[in-house]
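Undergrad: Can you keep this structure in mind? I'll have questions shortly.
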Protein chains: 4
Amino acid sequence: MITARLLLHCPDKPGILAEITDFITVNKGNIVYLDQYVDRVENIFFMRIEWELDEFLIPREKIEDYFKTLFARKYDMHLRLYFSDIRPRMAIFVSKFSHCLYDMLARYTAGEWEVDIPLIISNHPDLKHIADRFGIPFYVFPVTKENKAEQERKELELLAEYNISCIVLARYMQVVSEKMIEAYPNRIINIHHSFLPAFVGAKPYHAAFARGVKIVGATSHYVTTELDAGPIIEQDVVRITHKDSVEELINKGKDLEKIVLSRAVRKHIERKILTYKNKTVIFN
Amino acid sequence: MITARLLLHCPDKPGILAEITDFITVNKGNIVYLDQYVDRVENIFFMRIEWELDEFLIPREKIEDYFKTLFARKYDMHLRLYFSDIRPRMAIFVSKFSHCLYDMLARYTAGEWEVDIPLIISNHPDLKHIADRFGIPFYVFPVTKENKAEQERKELELLAEYNISCIVLARYMQVVSEKMIEAYPNRIINIHHSFLPAFVGAKPYHAAFARGVKIVGATSHYVTTELDAGPIIEQDVVRITHKDSVEELINKGKDLEKIVLSRAVRKHIERKILTYKNKTVIFN
Amino acid sequence: MITARLLLHCPDKPGILAEITDFITVNKGNIVYLDQYVDRVENIFFMRIEWELDEFLIPREKIEDYFKTLFARKYDMHLRLYFSDIRPRMAIFVSKFSHCLYDMLARYTAGEWEVDIPLIISNHPDLKHIADRFGIPFYVFPVTKENKAEQERKELELLAEYNISCIVLARYMQVVSEKMIEAYPNRIINIHHSFLPAFVGAKPYHAAFARGVKIVGATSHYVTTELDAGPIIEQDVVRITHKDSVEELINKGKDLEKIVLSRAVRKHIERKILTYKNKTVIFN
Amino acid sequence: MITARLLLHCPDKPGILAEITDFITVNKGNIVYLDQYVDRVENIFFMRIEWELDEFLIPREKIEDYFKTLFARKYDMHLRLYFSDIRPRMAIFVSKFSHCLYDMLARYTAGEWEVDIPLIISNHPDLKHIADRFGIPFYVFPVTKENKAEQERKELELLAEYNISCIVLARYMQVVSEKMIEAYPNRIINIHHSFLPAFVGAKPYHAAFARGVKIVGATSHYVTTELDAGPIIEQDVVRITHKDSVEELINKGKDLEKIVLSRAVRKHIERKILTYKNKTVIFN
């Protein structure tokens, strides 16, 4: 059953929720999901609502128009509409670590995710053999200080050619430029191998070891122009002891990274994330 | 600001949510909380909604009546209405372990909970000194096979006298009879010292130790007539190793028990729990 | 640097630890790992000790003999000796779920584990494509009530042919017979998709859903003849809510299963597990 | 049974462990606990060993002397000796939050901890009623910029008078001066209400809320002269969502703080912590 998925936020006012659910119901849309939340500090209303289209009276291609006309201006509302039969097209960026890539491709191949992954991009050739195993095109763009702008321009062309709608940095060990971030606003997901905001930047496991923490973490977030400071989607942690060497931290961290990244990617694919003021609202 | 808190469930039909929020809004109730959930397997709609009463057009004492008349029959709806200025009156039952009792009284005294705790009941005199420290009446009802029915009858009288609306069994080491359970349906909260349904019954830490589990847990649930089988409110776990003796399990478990129990009690006090078919819906 | 790894247990007596470390040191073995534990209830001494062989005075092939002669009888000691350059040879048994298999093969291929995986056995052909991707022989033995004994006999022959030392049941949906268990005592690792001993047997996620638990788990254990009752190696849990359907439990569970199984397999490969009276001692 | 507890560390050399356990055994000390760990990066040997004194041949008052003479110089060893019948004397410092204080006093009163708590010090009178309930002297030293040095001098006198061996800052909202830290090196335990090193300093829950993290934590550490940067003893975390207000973070955090602090205090009391280079070794 094809569904429409509407995500929106606007200043909270009485009656918004009733008006929207009423509008969908009156037009014979069977609501199969509704989650809403009011940020009472900022006074913002957030909602995700999903309804079946088969008997819905408004033609699919006009739905967005109707919502914009009826509600967007009236309530100063930002809204985004998705359809369940249009799968996100996702590019994976990698460098040399394979654990997140394997995990994502296993889920993808097993049909766990409603997504298409038509290409993998890397700044190193090391993981080509994995892309080959899974039959996915693998493009290498080695990056140096000098060629970075040029390589990213080519990458953007390639992404456009493949009609890519979102990017996952699966331990891509290269800072992404402002230009690419602007091309994919809140649509580049990164996995950082620490419990942000602790240990921003390179070598967080070494830093965690040096500080003697008893827990290490991983953080998945949308990429913004400030390093490791974008809206956090998901975090998790694992307990360590003084007996764990840096290598052991890295090993334990790998398991965290792939789980945390996959949870974030899944929420993104299912259209369950709204971003607002550098924070995320995650619907259930 | 005094608020009304309405919890309800009914077979899911289009328009319920819109109708109720609309009704409250039209009558000038400012909605400050709304959480709803549809069980799509059983097709049941659950909602908790809270609104401010100061400008609400319907007089406080007539609100329940209005909702029953307007919605309850129409939608085959079960509903319960609470007011934020009427605090639950809670009795604590204890035996010989003090950790949960101390934790609850500390929260109560510090004003963490919107509740009144006018009395403590025990089948042993051991913890009277704690009740004294906190200035709360402490009643001892020693229970034997012979006098159990009689003692519970007296306890029920005492609870009625104190106008008690809910009971917390804070490691009360005595099975509560059917009669008391019927007097307080889904209003007796127990803490069981295992991750239910593992290790039902007595001595769960000994059983966990014998089985060699790597994690132990605690479970807070409403008491029903089947032992340790009532609707689960909250659970949590802690990791153990082969090095932990039974005594160490008991120690680690105590910390779990008090946290798990306090989370459950808090949810209950805040009227955020609905029970349905031996399961709980916990609102955020 | 090649090391010897000695695991042992015996009734605790004064001086054992000193005597063994002294013996290794005197013979110029550089101890790189030592972990010991005394079960003071059962009065059993457990130890894992590892030392470098390059300057060790006792020839490699005679080490076991020496320890047996010098200590085993004297202390009524059970001991097992391994060498770091002899990798376990592991067979993976699967049915239709791919998540654990992918996870194991990704770790294996990435060199995370010091193990050889020369074959995969299944009772269904469904996952052959994965074995092919990773270039590992895949054998199908469909099992029915009638042919079970015969098929297992063939499997045992094949395992012997491949010189397999341990077996991982990676969501193998078939009870393994006593004969196979006896052939691989404490060397068959299973992943059960519940927090044992809760929800033994089939369909644990359905049972967890029906009971309304707030946490689900996974358990990795050695297989014994009693179903789901062998020594537990590793467990972990994930929090759920009333909003999670059975399908969502299954999804969340999959991530748990693969992490829990991989931790157990890793401990096994690293020779860090001792079993004693249906429980495990896990060295750090 | 009275035991001796010896904690030591020194550069790792072959034979230390054997020599010490042998020495104790030969002198008829029955070893009831032994945990050791070698930091193979720094090449440091750490050990905690505990043995019964009743048949030990060396008189109690000479034990430290023997170990110093026999081992300390030879191995460049730092060692500390404790006896199980000499309880630490602990002062608690508080300000206005009661949750950690209540939790500690409940454990103390229930006999969970082998410690004496002869006094409570505060910079505010607010919690005096709690000290009174538990019958513990409560001293108020209001601190201003001007009188801080003078007040701390008086506090130190009082601590000396009470023969205090360690201090717990149970949400004491005042930076402790260098002088007091020097008087109690690695013997002042603080609870910081964040997952250090994230959110050092004041108002960490507000900072966590602003950053939009999905997990908050608490950290217990020894106090050093650098703010919130001393050796970490224990950390733990709790999951939050976008729905949690700052107030809710503070509430969830309180439960964490008291558990994390109590675990750290317990490890300290049991003499299971060694500090080395701004990190802790925590024995099981």
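Each chain in the structure tokens gets a letter, A, B, ..., in the order shown, and its residues are numbered from 1; ligands are numbered from 1 in order too.
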Give the helix (DSSP H, G or I) residues of segment 41-257 of chain A, as assigned by DSSP on the backbone, as a PyMOL selection string.

TA: chain A and resi 60-75+99-109+128-133+148-161+178-183+204-211+246-257

Undergrad: Applying 9 Å and only C-alpha atoms, which residues near Asp76 of chain A remain after dropping the ones on its own chain fewer than 2 positions away? List them as a PyMOL selection string.

TA: chain A and resi 9-11+71-74+78

Undergrad: How would the residues just chosen look if you wrote them out with N, CA, C and O atoms as a compact mmCIF listing (two decimals), in the first residue's frame?

TA:
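Writing the result to selection_9.txt gives the following:
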```txt
# COMPACT_ATOMS: atom_id res chain seq x y z
N HIS A 9 7.03 21.42 10.43
CA HIS A 9 7.14 22.15 11.70
C HIS A 9 6.74 23.59 11.47
O HIS A 9 6.88 24.13 10.38
N CYS A 10 6.21 24.19 12.52
CA CYS A 10 5.76 25.58 12.45
C CYS A 10 5.56 26.10 13.86
O CYS A 10 5.54 25.30 14.80
N PRO A 11 5.44 27.39 14.05
CA PRO A 11 5.11 27.90 15.39
C PRO A 11 3.83 27.25 15.87
O PRO A 11 2.88 27.10 15.10
N PHE A 71 -2.06 25.30 4.30
CA PHE A 71 -1.49 25.40 5.65
C PHE A 71 -0.18 26.18 5.74
O PHE A 71 0.06 26.84 6.74
N ALA A 72 0.65 26.07 4.72
CA ALA A 72 2.02 26.55 4.87
C ALA A 72 2.06 28.04 5.17
O ALA A 72 2.72 28.48 6.12
N ARG A 73 1.36 28.81 4.38
CA ARG A 73 1.41 30.25 4.63
C ARG A 73 0.70 30.57 5.95
O ARG A 73 1.22 31.28 6.79
N LYS A 74 -0.50 30.03 6.09
CA LYS A 74 -1.33 30.32 7.26
C LYS A 74 -0.58 30.10 8.58
O LYS A 74 -0.70 30.86 9.52
N HIS A 78 6.99 24.88 7.61
CA HIS A 78 7.91 24.20 6.69
C HIS A 78 7.44 22.77 6.54
O HIS A 78 7.27 22.09 7.55
```

Undergrad: In segment 38-159 of chain C, what's strand (DSSP E) per DSSP? Answer as a VMD selection string?

TA: chain C and resid 38 to 39 44 to 52 78 to 83 89 to 94 116 to 122 138 to 140

Undergrad: Keeping only C-alpha atoms, take the residues you just selected and write them out as a PDB file, in the first residue's frame.

TA:
```pdb
ATOM      1  CA  VAL C  38      39.325 -18.000  42.397  1.00  0.00           C
ATOM      2  CA  ASP C  39      35.741 -19.144  42.827  1.00  0.00           C
ATOM      3  CA  ILE C  44      38.299 -23.550  42.304  1.00  0.00           C
ATOM      4  CA  PHE C  45      41.326 -21.759  40.881  1.00  0.00           C
ATOM      5  CA  PHE C  46      41.072 -20.623  37.237  1.00  0.00           C
ATOM      6  CA  MET C  47      43.916 -19.182  35.212  1.00  0.00           C
ATOM      7  CA  ARG C  48      44.789 -18.049  31.724  1.00  0.00           C
ATOM      8  CA  ILE C  49      48.453 -17.350  31.154  1.00  0.00           C
ATOM      9  CA  GLU C  50      50.255 -16.511  27.949  1.00  0.00           C
ATOM     10  CA  TRP C  51      53.978 -16.279  27.308  1.00  0.00           C
ATOM     11  CA  GLU C  52      56.373 -15.802  24.443  1.00  0.00           C
ATOM     12  CA  HIS C  78      42.496 -29.612  33.991  1.00  0.00           C
ATOM     13  CA  LEU C  79      44.566 -27.768  31.470  1.00  0.00           C
ATOM     14  CA  ARG C  80      44.477 -26.855  27.801  1.00  0.00           C
ATOM     15  CA  LEU C  81      47.339 -25.494  25.793  1.00  0.00           C
ATOM     16  CA  TYR C  82      47.076 -23.488  22.591  1.00  0.00           C
ATOM     17  CA  PHE C  83      49.599 -21.760  20.361  1.00  0.00           C
ATOM     18  CA  ARG C  89      39.110 -23.825  12.006  1.00  0.00           C
ATOM     19  CA  MET C  90      35.505 -22.789  12.190  1.00  0.00           C
ATOM     20  CA  ALA C  91      32.422 -24.011  10.349  1.00  0.00           C
ATOM     21  CA  ILE C  92      29.391 -21.744  10.160  1.00  0.00           C
ATOM     22  CA  PHE C  93      25.908 -23.282  10.121  1.00  0.00           C
ATOM     23  CA  VAL C  94      23.111 -21.108   8.744  1.00  0.00           C
ATOM     24  CA  ASP C 116      39.958 -19.890   9.364  1.00  0.00           C
ATOM     25  CA  ILE C 117      36.453 -20.380   7.994  1.00  0.00           C
ATOM     26  CA  PRO C 118      36.809 -23.029   5.303  1.00  0.00           C
ATOM     27  CA  LEU C 119      33.138 -23.924   4.855  1.00  0.00           C
ATOM     28  CA  ILE C 120      29.541 -22.991   5.481  1.00  0.00           C
ATOM     29  CA  ILE C 121      26.815 -25.583   6.035  1.00  0.00           C
ATOM     30  CA  SER C 122      23.091 -24.952   5.684  1.00  0.00           C
ATOM     31  CA  PHE C 138      28.712 -23.811   0.813  1.00  0.00           C
ATOM     32  CA  TYR C 139      27.155 -27.205   1.489  1.00  0.00           C
ATOM     33  CA  VAL C 140      23.421 -27.812   1.688  1.00  0.00           C
TER      34      VAL C 140
END
```

Undergrad: Residues of chain B were defined as contacting chain A if any atom lay at most 6 Å from it, counting only C-alpha atoms; please report them as a list in words.

TA: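 The complete set of qualifying residues is Ala18, Thr21 and Asp22 of chain B.
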
Undergrad: Using all heavy atoms, can you export the residues from the last selection as an mmCIF file, in the first residue's frame?

TA:
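Resulting contents of result.cif:
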```cif
data_model
loop_
_atom_site.group_PDB
_atom_site.id
_atom_site.type_symbol
_atom_site.label_atom_id
_atom_site.label_comp_id
_atom_site.auth_asym_id
_atom_site.auth_seq_id
_atom_site.Cartn_x
_atom_site.Cartn_y
_atom_site.Cartn_z
ATOM 1 N N ALA B 18 -8.736 14.219 15.934
ATOM 2 C CA ALA B 18 -9.148 15.557 15.497
ATOM 3 C C ALA B 18 -10.328 16.047 16.327
ATOM 4 O O ALA B 18 -10.363 17.192 16.789
ATOM 5 C CB ALA B 18 -9.502 15.523 14.012
ATOM 6 N N THR B 21 -9.160 16.916 20.102
ATOM 7 C CA THR B 21 -8.324 18.131 20.205
ATOM 8 C C THR B 21 -9.152 19.355 19.808
ATOM 9 O O THR B 21 -9.026 20.423 20.414
ATOM 10 C CB THR B 21 -7.065 18.036 19.330
ATOM 11 O OG1 THR B 21 -7.449 17.792 17.974
ATOM 12 C CG2 THR B 21 -6.156 16.923 19.787
ATOM 13 N N ASP B 22 -9.989 19.178 18.821
ATOM 14 C CA ASP B 22 -10.850 20.278 18.385
ATOM 15 C C ASP B 22 -11.787 20.700 19.515
ATOM 16 O O ASP B 22 -11.942 21.890 19.798
ATOM 17 C CB ASP B 22 -11.668 19.791 17.181
ATOM 18 C CG ASP B 22 -12.219 20.957 16.391
ATOM 19 O OD1 ASP B 22 -11.455 21.918 16.137
ATOM 20 O OD2 ASP B 22 -13.413 20.916 16.026
#
```

Undergrad: Go through A:Tyr102, A:Phe283, A:Phe195, A:Tyr184 one by one, measure the shortest atom-to-atom distance of each to Leu6 of chain A using only C-alpha atoms, and give the residue with the smallest value.

TA: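 Among the listed residues, the smallest separation from Leu6 of chain A belongs to A:Phe283.
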
Undergrad: Quick one: residues within 10 Å of Ile232 of chain C, only C-alpha atoms counted, chain neighbours fewer than 2 positions away excluded, as a list in words?

TA: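 Listing them by chain and then by number gives Arg211, Gly212, Val213 and Lys214 of chain B; Ile189, Asn190, Ile191, Leu196, Pro197, Thr219, Ser220, His221, Tyr222, Val223, Asp228, Ala229, Gly230, Glu234, Gln235, Ala264, Thr275, Asn278, Lys279, Thr280 and Val281 of chain C.
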
Undergrad: Restricting the calculation to only C-alpha atoms: of D:His129, D:Ala208, D:Ile63, D:Pro142, which residue gets closest to His242 of chain D?

TA: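 The closest residue to His242 of chain D is D:Ala208.
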
Undergrad: Just the number, please: distance in Å from atom CA of Ser262 of chain B to atom CA of Leu256 of chain D, one decimal.

TA: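 So the two atoms, atom CA of Ser262 of chain B and atom CA of Leu256 of chain D, lie 12.8 Å apart.
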